[in-house]
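Reading through the structure tokens given below for one structure.
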Amino acid sequence: MQRRFHAPVVLPADPSCSLLRDAVVDVDADGRISYCGPAATAPESAAPVTTLTGILLPGLVNTHAHSPMTLLRGMGGDLPLLPWLNEIIWPAEAKLRPEDVRTGMLLGSVEMLRHGVTTSAEMYFEGEQLVDAVLTTGGRVLVAPPVMELPGLDWKAQLADIERWIDTDGLRFGHGDRIELGYGPHSAYMLSAEGLRATAESAVSRGALIQIHVAEAALEDTAVREAHGSVPALLRELGMLDGRVLAAHSIHLSDDDIALYAAYGVGMAHCPGSNAKLASGIARIADLRSAGVSVGLGTDGPASNDDIDLWEELQLAAMFARLATGDSTVLTAADVFLLATRGGAAALGRSDIGSLEPGRWADLVHVDLDDPAFACGIDVPDVQLLSNLVWAAGSRRVRDVWVAGEQVVAEGESVKVDRAKVQAGVAETAARLRA
């Protein structure tokens, strides 16, 4: 159904991060945006009008997550990355049943939607269960089933399963293209060169997105660096950079690595909260952006972050970049807002989400102003209002959310699932995993 949204302030996430006063967003019958601009110059419309208070903005894009790990939240929270994975997380995940992944993803999806995060890029097992959960909540997801080598795991079988799924259902499906399928080679230290090459060839031939962890911990890929110079150099040798690639973390990069990302159009998922919690380091965001690399923000999993609230990553990304460079202007409120919206979409290679532009899906977030963060009012200068949103309010006042024009959150709660029941299911499953 066609609909018009009218708000005092609209943040379309255009390249200049403009702020529109007294503006409307029109949504067509398919759930795509047909107009975004001042109400005074809007085309005539007989569509029903939804009148909102406060701010209307595009849904945020979480470019790297393992959201079913809501089941493991808080486990091993004070360990470094590799001991945390080897001693805590992977043994716990070995106990998971397929239906557990759906349970964990239901809560993760509801949590993100309530924070105004409409899209997440997920790398996790049991992809069908994950997809079913997101279709239930009404969110949007890019799924990358893992390809990795651990005892009991056959990377060739994992790769064949992904190929069958894509060849059967296509790269995108679900109302509003809610689901996109891809590949999740875990990392260069969890998959052989043979496996990385085979995954690259399969993904490139299908035009599918590859999600991969790159240079997250300083010591994780010492052998790769000794043999190939760096992980990005190895991925280039194996043909992986020839396709669509989303490189998560990418902390320990050289100038040459950054140049490779720029030359091959690699997208980067910056996860400052998780990187700080695991003491992995601070990514070179200023240098990556200066080189023209598409950078988005990610929460990583709720066992290493732990709140999967992307608004927090906006603040952390700006603060860490400022500390790393000694420059308080290196990332502004406008910059990080665009990283969480338009930039995230670009990093994923998706031109149909991330901003309020005609032709893009109507993934909308309504933020009301009933909060001390906005006590100075709505008539403050544009830069101050955006600053109050990014630095002070965050996700607190997200009230309503639409995905492809369909409302999925109203008054701060999911309209698709019962959150209390979802949380109870997670509690029951987590208790079994601890036993």
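How things are named: the first chain in the structure tokens is A, the next is B, and so on; residues count from 1 in each chain; ligands count from 1 in the order shown.
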- Identify, with DSSP run on backbone atoms, the residues in range 13-129 of chain A assigned to helix (DSSP H, G or I), and express the list as a PyMOL selection string. chain A and resi 39-41+67-72+81-93+98-114+127-129
- Might you pull out every residue within 12 Å of Leu191 in chain A, with only C-alpha atoms counted and same-chain residues fewer than 4 positions away left off, and present them as a VMD selection string? chain A and resid 146 to 150 153 to 156 158 to 159 184 to 187 195 to 199 212 to 213 221 224 235
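Residue nearest Thr118 in chain A within the list A:Val336, A:Val141, A:Met1, A:Leu56: A:Val141 [criterion: smallest interatomic distance, only C-alpha atoms].
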Check which residues of range 324-405 of chain A sit at most 10 Å from range 110-116 of chain A using only C-alpha atoms, and return one row each with the closest pair of atoms and their distance in Å to one decimal, ordered by chain and rising number, as JSON lines.
{"residue": "A:Asp363", "atom": "CA", "partner": "A:Gly116", "partner_atom": "CA", "distance": 9.4}
{"residue": "A:Leu364", "atom": "CA", "partner": "A:Gly116", "partner_atom": "CA", "distance": 8.2}
{"residue": "A:Val365", "atom": "CA", "partner": "A:Gly116", "partner_atom": "CA", "distance": 5.7}
{"residue": "A:His366", "atom": "CA", "partner": "A:Gly116", "partner_atom": "CA", "distance": 8.2}
{"residue": "A:Val367", "atom": "CA", "partner": "A:Gly116", "partner_atom": "CA", "distance": 8.8}
{"residue": "A:Gly394", "atom": "CA", "partner": "A:His115", "partner_atom": "CA", "distance": 8.5}
{"residue": "A:Ser395", "atom": "CA", "partner": "A:His115", "partner_atom": "CA", "distance": 5.1}
{"residue": "A:Arg396", "atom": "CA", "partner": "A:His115", "partner_atom": "CA", "distance": 7.7}
{"residue": "A:Arg397", "atom": "CA", "partner": "A:His115", "partner_atom": "CA", "distance": 8.6}
{"residue": "A:Val398", "atom": "CA", "partner": "A:His115", "partner_atom": "CA", "distance": 6.1}
{"residue": "A:Arg399", "atom": "CA", "partner": "A:Arg114", "partner_atom": "CA", "distance": 7.6}
{"residue": "A:Asp400", "atom": "CA", "partner": "A:Arg114", "partner_atom": "CA", "distance": 8.0}
{"residue": "A:Val401", "atom": "CA", "partner": "A:Gly116", "partner_atom": "CA", "distance": 6.4}
{"residue": "A:Trp402", "atom": "CA", "partner": "A:Gly116", "partner_atom": "CA", "distance": 9.1}
{"residue": "A:Val403", "atom": "CA", "partner": "A:Leu113", "partner_atom": "CA", "distance": 9.5}
Take the selection from the previous step and output its residues with N, CA, C and O atoms, as a PDB file, in the first residue's frame.
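result-v1.pdb, written as the output of this step:
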ATOM      1  N   ASP A 363      13.262   1.400   4.272  1.00  0.00           N
ATOM      2  CA  ASP A 363      13.661   0.983   5.612  1.00  0.00           C
ATOM      3  C   ASP A 363      13.782   2.265   6.430  1.00  0.00           C
ATOM      4  O   ASP A 363      14.740   3.038   6.262  1.00  0.00           O
ATOM      5  N   LEU A 364      12.815   2.500   7.297  1.00  0.00           N
ATOM      6  CA  LEU A 364      12.655   3.784   7.969  1.00  0.00           C
ATOM      7  C   LEU A 364      12.704   3.627   9.473  1.00  0.00           C
ATOM      8  O   LEU A 364      12.215   2.627  10.019  1.00  0.00           O
ATOM      9  N   VAL A 365      13.246   4.651  10.132  1.00  0.00           N
ATOM     10  CA  VAL A 365      13.324   4.662  11.598  1.00  0.00           C
ATOM     11  C   VAL A 365      12.814   6.010  12.101  1.00  0.00           C
ATOM     12  O   VAL A 365      13.261   7.068  11.634  1.00  0.00           O
ATOM     13  N   HIS A 366      11.892   5.949  13.043  1.00  0.00           N
ATOM     14  CA  HIS A 366      11.337   7.162  13.660  1.00  0.00           C
ATOM     15  C   HIS A 366      11.916   7.316  15.055  1.00  0.00           C
ATOM     16  O   HIS A 366      11.784   6.428  15.901  1.00  0.00           O
ATOM     17  N   VAL A 367      12.575   8.448  15.289  1.00  0.00           N
ATOM     18  CA  VAL A 367      13.139   8.790  16.599  1.00  0.00           C
ATOM     19  C   VAL A 367      12.342   9.963  17.151  1.00  0.00           C
ATOM     20  O   VAL A 367      12.278  11.028  16.515  1.00  0.00           O
ATOM     21  N   GLY A 394      21.363   8.453  20.869  1.00  0.00           N
ATOM     22  CA  GLY A 394      21.571   7.090  20.407  1.00  0.00           C
ATOM     23  C   GLY A 394      20.260   6.382  20.145  1.00  0.00           C
ATOM     24  O   GLY A 394      19.321   6.943  19.577  1.00  0.00           O
ATOM     25  N   SER A 395      20.176   5.139  20.609  1.00  0.00           N
ATOM     26  CA  SER A 395      19.007   4.305  20.319  1.00  0.00           C
ATOM     27  C   SER A 395      17.851   4.504  21.288  1.00  0.00           C
ATOM     28  O   SER A 395      16.783   3.927  21.089  1.00  0.00           O
ATOM     29  N   ARG A 396      18.037   5.337  22.332  1.00  0.00           N
ATOM     30  CA  ARG A 396      17.037   5.415  23.400  1.00  0.00           C
ATOM     31  C   ARG A 396      15.648   5.764  22.906  1.00  0.00           C
ATOM     32  O   ARG A 396      14.649   5.279  23.427  1.00  0.00           O
ATOM     33  N   ARG A 397      15.562   6.643  21.904  1.00  0.00           N
ATOM     34  CA  ARG A 397      14.257   7.145  21.493  1.00  0.00           C
ATOM     35  C   ARG A 397      13.796   6.599  20.155  1.00  0.00           C
ATOM     36  O   ARG A 397      12.929   7.187  19.499  1.00  0.00           O
ATOM     37  N   VAL A 398      14.343   5.469  19.734  1.00  0.00           N
ATOM     38  CA  VAL A 398      13.798   4.803  18.546  1.00  0.00           C
ATOM     39  C   VAL A 398      12.416   4.264  18.915  1.00  0.00           C
ATOM     40  O   VAL A 398      12.283   3.450  19.836  1.00  0.00           O
ATOM     41  N   ARG A 399      11.390   4.718  18.208  1.00  0.00           N
ATOM     42  CA  ARG A 399      10.027   4.339  18.567  1.00  0.00           C
ATOM     43  C   ARG A 399       9.367   3.437  17.535  1.00  0.00           C
ATOM     44  O   ARG A 399       8.627   2.520  17.880  1.00  0.00           O
ATOM     45  N   ASP A 400       9.603   3.703  16.243  1.00  0.00           N
ATOM     46  CA  ASP A 400       8.917   2.964  15.180  1.00  0.00           C
ATOM     47  C   ASP A 400       9.909   2.631  14.076  1.00  0.00           C
ATOM     48  O   ASP A 400      10.802   3.434  13.766  1.00  0.00           O
ATOM     49  N   VAL A 401       9.722   1.462  13.475  1.00  0.00           N
ATOM     50  CA  VAL A 401      10.627   1.003  12.423  1.00  0.00           C
ATOM     51  C   VAL A 401       9.812   0.312  11.334  1.00  0.00           C
ATOM     52  O   VAL A 401       8.893  -0.458  11.632  1.00  0.00           O
ATOM     53  N   TRP A 402      10.172   0.603  10.089  1.00  0.00           N
ATOM     54  CA  TRP A 402       9.564  -0.051   8.933  1.00  0.00           C
ATOM     55  C   TRP A 402      10.660  -0.675   8.082  1.00  0.00           C
ATOM     56  O   TRP A 402      11.743  -0.101   7.927  1.00  0.00           O
ATOM     57  N   VAL A 403      10.395  -1.843   7.511  1.00  0.00           N
ATOM     58  CA  VAL A 403      11.311  -2.488   6.571  1.00  0.00           C
ATOM     59  C   VAL A 403      10.541  -2.734   5.283  1.00  0.00           C
ATOM     60  O   VAL A 403       9.473  -3.365   5.307  1.00  0.00           O
TER      61      VAL A 403
END
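If you measure from each of A:Leu171, A:Val426, A:Ala362, A:Ala431 to Val25 in chain A using only C-alpha atoms, the closest one turns out to be A:Ala362.
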Any chance you could tabulate, as a Markdown table, the residues of range 42-68 of chain A at most 10 Å from range 342-347 of chain A with each one's nearest atom pair and distance in Å to one decimal, using only C-alpha atoms, in chain and rising number order?
| residue | atom | partner | partner_atom | distance |
| --- | --- | --- | --- | --- |
| A:Pro58 | CA | A:Arg342 | CA | 8.7 |
| A:Gly59 | CA | A:Arg342 | CA | 9.7 |
| A:Leu60 | CA | A:Gly344 | CA | 8.0 |
| A:Val61 | CA | A:Gly344 | CA | 5.4 |
| A:Asn62 | CA | A:Gly344 | CA | 7.0 |
| A:Thr63 | CA | A:Gly344 | CA | 6.0 |
| A:His64 | CA | A:Gly344 | CA | 9.7 |
- Long-range neighbours of range 128-139 of chain A as a list in words, 6 Å cut-off, only C-alpha atoms, 4 positions minimum in chain: Arg102, Met105, Leu106, Thr118, Val408 and Lys416 of chain A
Write the residues of the preceding selection, restricted to C-alpha atoms, as a PDB file, in the first residue's frame.
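Below you can see part33.pdb, which holds the result:
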ATOM      1  CA  ARG A 102      16.674 -19.703  15.274  1.00  0.00           C
ATOM      2  CA  MET A 105      18.635 -15.043  15.973  1.00  0.00           C
ATOM      3  CA  LEU A 106      15.050 -14.165  16.889  1.00  0.00           C
ATOM      4  CA  THR A 118      17.084  -2.837   9.905  1.00  0.00           C
ATOM      5  CA  VAL A 408       8.000  -4.090  12.325  1.00  0.00           C
ATOM      6  CA  LYS A 416       5.818  -9.450  14.787  1.00  0.00           C
TER       7      LYS A 416
END
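Remark: for Ala424 in chain A, the closest of the candidate residues A:Gly377, A:Pro358, A:Gly229, A:Gly104 is A:Gly104 (distances computed over only C-alpha atoms).
Among the candidates A:Gly243, A:Gly301, A:Trp391, A:Ser250, the one nearest to Leu316 in chain A when counting only C-alpha atoms is A:Trp391.
If only C-alpha atoms are the atoms counted, then among A:Ile285, A:Ile378, A:Leu85, A:Leu297 the closest residue to Phe320 in chain A is A:Ile285.
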Residues near Ile166 in chain A, cut-off 12 Å, only C-alpha atoms, skip fewer than 2 positions along chain, as a PDB file with N, CA, C and O atoms, in the first residue's frame:
ATOM      1  N   GLY A 127      22.090 -21.687   8.384  1.00  0.00           N
ATOM      2  CA  GLY A 127      21.571 -20.503   7.731  1.00  0.00           C
ATOM      3  C   GLY A 127      20.070 -20.512   7.528  1.00  0.00           C
ATOM      4  O   GLY A 127      19.416 -19.470   7.608  1.00  0.00           O
ATOM      5  N   GLU A 128      19.484 -21.687   7.263  1.00  0.00           N
ATOM      6  CA  GLU A 128      18.038 -21.739   7.061  1.00  0.00           C
ATOM      7  C   GLU A 128      17.289 -21.323   8.311  1.00  0.00           C
ATOM      8  O   GLU A 128      16.251 -20.650   8.236  1.00  0.00           O
ATOM      9  N   VAL A 143      23.111 -13.239   4.682  1.00  0.00           N
ATOM     10  CA  VAL A 143      23.538 -14.450   5.380  1.00  0.00           C
ATOM     11  C   VAL A 143      24.785 -15.021   4.725  1.00  0.00           C
ATOM     12  O   VAL A 143      24.824 -15.222   3.507  1.00  0.00           O
ATOM     13  N   ALA A 144      25.786 -15.308   5.547  1.00  0.00           N
ATOM     14  CA  ALA A 144      27.018 -15.927   5.054  1.00  0.00           C
ATOM     15  C   ALA A 144      27.296 -17.177   5.876  1.00  0.00           C
ATOM     16  O   ALA A 144      27.976 -17.118   6.907  1.00  0.00           O
ATOM     17  N   PRO A 145      26.771 -18.342   5.460  1.00  0.00           N
ATOM     18  CA  PRO A 145      27.084 -19.571   6.196  1.00  0.00           C
ATOM     19  C   PRO A 145      28.593 -19.809   6.198  1.00  0.00           C
ATOM     20  O   PRO A 145      29.263 -19.616   5.180  1.00  0.00           O
ATOM     21  N   LEU A 159      30.731 -25.761   1.567  1.00  0.00           N
ATOM     22  CA  LEU A 159      30.695 -24.995   0.324  1.00  0.00           C
ATOM     23  C   LEU A 159      29.616 -25.527  -0.614  1.00  0.00           C
ATOM     24  O   LEU A 159      28.862 -24.750  -1.217  1.00  0.00           O
ATOM     25  N   ALA A 160      29.509 -26.840  -0.717  1.00  0.00           N
ATOM     26  CA  ALA A 160      28.493 -27.441  -1.584  1.00  0.00           C
ATOM     27  C   ALA A 160      27.088 -27.081  -1.108  1.00  0.00           C
ATOM     28  O   ALA A 160      26.182 -26.847  -1.929  1.00  0.00           O
ATOM     29  N   ASP A 161      26.888 -27.021   0.208  1.00  0.00           N
ATOM     30  CA  ASP A 161      25.569 -26.660   0.744  1.00  0.00           C
ATOM     31  C   ASP A 161      25.196 -25.227   0.355  1.00  0.00           C
ATOM     32  O   ASP A 161      24.036 -24.940   0.007  1.00  0.00           O
ATOM     33  N   ILE A 162      26.164 -24.308   0.428  1.00  0.00           N
ATOM     34  CA  ILE A 162      25.893 -22.919   0.057  1.00  0.00           C
ATOM     35  C   ILE A 162      25.537 -22.832  -1.422  1.00  0.00           C
ATOM     36  O   ILE A 162      24.587 -22.145  -1.818  1.00  0.00           O
ATOM     37  N   GLU A 163      26.301 -23.537  -2.248  1.00  0.00           N
ATOM     38  CA  GLU A 163      26.038 -23.515  -3.689  1.00  0.00           C
ATOM     39  C   GLU A 163      24.646 -24.028  -4.011  1.00  0.00           C
ATOM     40  O   GLU A 163      23.923 -23.424  -4.826  1.00  0.00           O
ATOM     41  N   ARG A 164      24.234 -25.120  -3.368  1.00  0.00           N
ATOM     42  CA  ARG A 164      22.899 -25.667  -3.614  1.00  0.00           C
ATOM     43  C   ARG A 164      21.817 -24.678  -3.197  1.00  0.00           C
ATOM     44  O   ARG A 164      20.808 -24.519  -3.901  1.00  0.00           O
ATOM     45  N   THR A 168      19.246 -22.888  -5.771  1.00  0.00           N
ATOM     46  CA  THR A 168      17.829 -23.217  -5.626  1.00  0.00           C
ATOM     47  C   THR A 168      16.974 -21.978  -5.399  1.00  0.00           C
ATOM     48  O   THR A 168      15.952 -21.768  -6.064  1.00  0.00           O
ATOM     49  N   ASP A 169      17.388 -21.116  -4.449  1.00  0.00           N
ATOM     50  CA  ASP A 169      16.556 -19.979  -4.051  1.00  0.00           C
ATOM     51  C   ASP A 169      16.982 -18.656  -4.662  1.00  0.00           C
ATOM     52  O   ASP A 169      16.233 -17.665  -4.577  1.00  0.00           O
ATOM     53  N   GLY A 170      18.167 -18.588  -5.253  1.00  0.00           N
ATOM     54  CA  GLY A 170      18.665 -17.332  -5.787  1.00  0.00           C
ATOM     55  C   GLY A 170      19.414 -16.543  -4.731  1.00  0.00           C
ATOM     56  O   GLY A 170      19.381 -16.866  -3.536  1.00  0.00           O
ATOM     57  N   LEU A 171      20.088 -15.485  -5.161  1.00  0.00           N
ATOM     58  CA  LEU A 171      20.861 -14.673  -4.218  1.00  0.00           C
ATOM     59  C   LEU A 171      19.965 -13.890  -3.270  1.00  0.00           C
ATOM     60  O   LEU A 171      20.316 -13.686  -2.111  1.00  0.00           O
ATOM     61  N   ARG A 172      18.812 -13.414  -3.753  1.00  0.00           N
ATOM     62  CA  ARG A 172      17.917 -12.614  -2.916  1.00  0.00           C
ATOM     63  C   ARG A 172      16.498 -13.152  -3.007  1.00  0.00           C
ATOM     64  O   ARG A 172      16.051 -13.553  -4.080  1.00  0.00           O
ATOM     65  N   PHE A 173      15.807 -13.129  -1.893  1.00  0.00           N
ATOM     66  CA  PHE A 173      14.406 -13.539  -1.883  1.00  0.00           C
ATOM     67  C   PHE A 173      13.728 -12.962  -0.645  1.00  0.00           C
ATOM     68  O   PHE A 173      14.365 -12.334   0.202  1.00  0.00           O
ATOM     69  N   ILE A 179      16.174 -11.111   2.188  1.00  0.00           N
ATOM     70  CA  ILE A 179      17.248 -12.081   2.402  1.00  0.00           C
ATOM     71  C   ILE A 179      18.228 -12.035   1.242  1.00  0.00           C
ATOM     72  O   ILE A 179      17.823 -12.048   0.081  1.00  0.00           O
ATOM     73  N   GLU A 180      19.511 -11.980   1.562  1.00  0.00           N
ATOM     74  CA  GLU A 180      20.555 -12.148   0.558  1.00  0.00           C
ATOM     75  C   GLU A 180      21.509 -13.237   1.036  1.00  0.00           C
ATOM     76  O   GLU A 180      21.966 -13.213   2.188  1.00  0.00           O
ATOM     77  N   LEU A 181      21.810 -14.175   0.155  1.00  0.00           N
ATOM     78  CA  LEU A 181      22.697 -15.288   0.494  1.00  0.00           C
ATOM     79  C   LEU A 181      24.115 -15.006   0.006  1.00  0.00           C
ATOM     80  O   LEU A 181      24.315 -14.383  -1.037  1.00  0.00           O
ATOM     81  N   GLY A 182      25.080 -15.476   0.769  1.00  0.00           N
ATOM     82  CA  GLY A 182      26.475 -15.310   0.396  1.00  0.00           C
ATOM     83  C   GLY A 182      27.333 -16.381   1.022  1.00  0.00           C
ATOM     84  O   GLY A 182      26.847 -17.446   1.425  1.00  0.00           O
ATOM     85  N   TYR A 183      28.628 -16.097   1.131  1.00  0.00           N
ATOM     86  CA  TYR A 183      29.619 -17.068   1.604  1.00  0.00           C
ATOM     87  C   TYR A 183      30.356 -16.492   2.810  1.00  0.00           C
ATOM     88  O   TYR A 183      30.681 -15.308   2.835  1.00  0.00           O
ATOM     89  N   SER A 202      33.700 -20.016  -6.378  1.00  0.00           N
ATOM     90  CA  SER A 202      32.262 -20.260  -6.319  1.00  0.00           C
ATOM     91  C   SER A 202      31.489 -18.955  -6.158  1.00  0.00           C
ATOM     92  O   SER A 202      30.485 -18.719  -6.837  1.00  0.00           O
ATOM     93  N   ALA A 203      31.948 -18.092  -5.254  1.00  0.00           N
ATOM     94  CA  ALA A 203      31.246 -16.836  -4.997  1.00  0.00           C
ATOM     95  C   ALA A 203      31.317 -15.897  -6.188  1.00  0.00           C
ATOM     96  O   ALA A 203      30.310 -15.278  -6.572  1.00  0.00           O
ATOM     97  N   SER A 205      31.661 -16.618  -9.297  1.00  0.00           N
ATOM     98  CA  SER A 205      30.856 -17.110 -10.413  1.00  0.00           C
ATOM     99  C   SER A 205      29.375 -16.822 -10.220  1.00  0.00           C
ATOM    100  O   SER A 205      28.619 -16.750 -11.199  1.00  0.00           O
ATOM    101  N   ARG A 206      28.946 -16.634  -8.979  1.00  0.00           N
ATOM    102  CA  ARG A 206      27.531 -16.385  -8.682  1.00  0.00           C
ATOM    103  C   ARG A 206      27.253 -14.921  -8.327  1.00  0.00           C
ATOM    104  O   ARG A 206      26.112 -14.571  -8.037  1.00  0.00           O
ATOM    105  N   GLY A 207      28.270 -14.091  -8.307  1.00  0.00           N
ATOM    106  CA  GLY A 207      28.080 -12.691  -7.948  1.00  0.00           C
ATOM    107  C   GLY A 207      27.690 -12.497  -6.500  1.00  0.00           C
ATOM    108  O   GLY A 207      27.050 -11.493  -6.145  1.00  0.00           O
ATOM    109  N   ALA A 208      28.086 -13.434  -5.633  1.00  0.00           N
ATOM    110  CA  ALA A 208      27.665 -13.412  -4.237  1.00  0.00           C
ATOM    111  C   ALA A 208      28.682 -12.690  -3.356  1.00  0.00           C
ATOM    112  O   ALA A 208      29.885 -12.665  -3.648  1.00  0.00           O
ATOM    113  N   LEU A 209      28.203 -12.136  -2.278  1.00  0.00           N
ATOM    114  CA  LEU A 209      29.062 -11.445  -1.322  1.00  0.00           C
ATOM    115  C   LEU A 209      29.820 -12.455  -0.460  1.00  0.00           C
ATOM    116  O   LEU A 209      29.244 -13.424   0.042  1.00  0.00           O
TER     117      LEU A 209
END
- Query: Can you list, as a list in words, every protein, DNA or RNA residue that comes within 12 Å of Ala233 in chain A when you count only C-alpha atoms, leaving out same-chain residues fewer than 2 positions away?
  - Reply: Ala188, Val214, Ala215, Val224, Arg225, Glu226, Ala227, His228, Gly229, Ser230, Val231, Leu235, Arg236, Glu237, Leu238, Gly239, Met240, Leu241, Leu253, Ser254, Asp255, Asp256, Asp257, Ile258, Ala259, Leu260, Tyr261 and Tyr264 of chain A
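Secondary structure by DSSP on the backbone puts the following residues of range 215-377 of chain A in strand (DSSP E): Arg244, Val245, Leu246, Ala247, Ala248, His249, Gly267, Met268, Ala269, His270, Val295, Gly296, Leu297, Leu364, Val365, His366 and Val367 of chain A.
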Restricting it to N, CA, C and O atoms, dump the selection as a CSV table (one decimal), in the first residue's frame.
chain,number,residue,atom,x,y,z
A,244,ARG,N,32.8,-9.7,-4.8
A,244,ARG,CA,32.3,-8.8,-3.8
A,244,ARG,C,32.8,-9.3,-2.4
A,244,ARG,O,32.6,-10.4,-2.1
A,245,VAL,N,33.5,-8.4,-1.7
A,245,VAL,CA,34.1,-8.9,-0.5
A,245,VAL,C,33.8,-7.9,0.6
A,245,VAL,O,34.0,-6.6,0.4
A,246,LEU,N,33.4,-8.4,1.8
A,246,LEU,CA,33.3,-7.6,3.0
A,246,LEU,C,34.3,-8.1,4.0
A,246,LEU,O,34.2,-9.2,4.5
A,247,ALA,N,35.3,-7.3,4.3
A,247,ALA,CA,36.4,-7.7,5.2
A,247,ALA,C,36.1,-7.1,6.6
A,247,ALA,O,36.2,-5.9,6.8
A,248,ALA,N,35.8,-8.0,7.5
A,248,ALA,CA,35.5,-7.6,8.9
A,248,ALA,C,36.7,-7.3,9.7
A,248,ALA,O,37.7,-8.0,9.5
A,249,HIS,N,36.7,-6.3,10.5
A,249,HIS,CA,37.7,-5.9,11.5
A,249,HIS,C,38.9,-5.2,10.7
A,249,HIS,O,39.0,-4.0,10.9
A,267,GLY,N,34.9,-3.9,0.7
A,267,GLY,CA,34.2,-3.2,1.7
A,267,GLY,C,34.8,-3.6,3.1
A,267,GLY,O,35.2,-4.7,3.2
A,268,MET,N,34.8,-2.7,4.0
A,268,MET,CA,35.3,-3.0,5.3
A,268,MET,C,34.3,-2.7,6.4
A,268,MET,O,33.6,-1.7,6.4
A,269,ALA,N,34.2,-3.7,7.3
A,269,ALA,CA,33.3,-3.6,8.5
A,269,ALA,C,34.1,-3.3,9.7
A,269,ALA,O,34.9,-4.1,10.2
A,270,HIS,N,33.9,-2.1,10.2
A,270,HIS,CA,34.6,-1.6,11.4
A,270,HIS,C,33.8,-1.9,12.6
A,270,HIS,O,32.6,-1.5,12.8
A,295,VAL,N,33.6,2.0,4.0
A,295,VAL,CA,33.6,1.6,5.4
A,295,VAL,C,32.2,1.6,6.0
A,295,VAL,O,31.5,2.6,5.9
A,296,GLY,N,31.8,0.5,6.6
A,296,GLY,CA,30.6,0.5,7.4
A,296,GLY,C,30.9,0.1,8.8
A,296,GLY,O,32.0,-0.2,9.2
A,297,LEU,N,29.9,0.2,9.7
A,297,LEU,CA,30.1,-0.2,11.1
A,297,LEU,C,29.4,-1.5,11.4
A,297,LEU,O,28.4,-1.9,10.8
A,364,LEU,N,12.8,2.5,7.3
A,364,LEU,CA,12.7,3.8,8.0
A,364,LEU,C,12.7,3.6,9.5
A,364,LEU,O,12.2,2.6,10.0
A,365,VAL,N,13.2,4.7,10.1
A,365,VAL,CA,13.3,4.7,11.6
A,365,VAL,C,12.8,6.0,12.1
A,365,VAL,O,13.3,7.1,11.6
A,366,HIS,N,11.9,5.9,13.0
A,366,HIS,CA,11.3,7.2,13.7
A,366,HIS,C,11.9,7.3,15.1
A,366,HIS,O,11.8,6.4,15.9
A,367,VAL,N,12.6,8.4,15.3
A,367,VAL,CA,13.1,8.8,16.6
A,367,VAL,C,12.3,10.0,17.2
A,367,VAL,O,12.3,11.0,16.5
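For the residues A:Leu288, A:Ala200, A:Met190, A:Ala340, ranking by smallest atom-to-atom distance to Ala262 in chain A using only C-alpha atoms places A:Leu288 first.
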Sort by chain and increasing residue number a table of all residues of range 294-358 of chain A within 8 Å of range 65-74 of chain A, each with its closest pair of atoms and their distance in Å to one decimal, counting only C-alpha atoms, and write it as a Markdown table.
| residue | atom | partner | partner_atom | distance |
| --- | --- | --- | --- | --- |
| A:Gly298 | CA | A:Ala65 | CA | 6.5 |
| A:Thr299 | CA | A:Ala65 | CA | 5.9 |
| A:Asp300 | CA | A:Ala65 | CA | 4.1 |
| A:Gly301 | CA | A:His66 | CA | 4.3 |
| A:Pro302 | CA | A:Thr70 | CA | 5.4 |
| A:Ala303 | CA | A:Arg73 | CA | 4.1 |
| A:Ser304 | CA | A:Arg73 | CA | 7.6 |
| A:Asp306 | CA | A:Arg73 | CA | 6.5 |
| A:Ile308 | CA | A:Ser67 | CA | 7.8 |
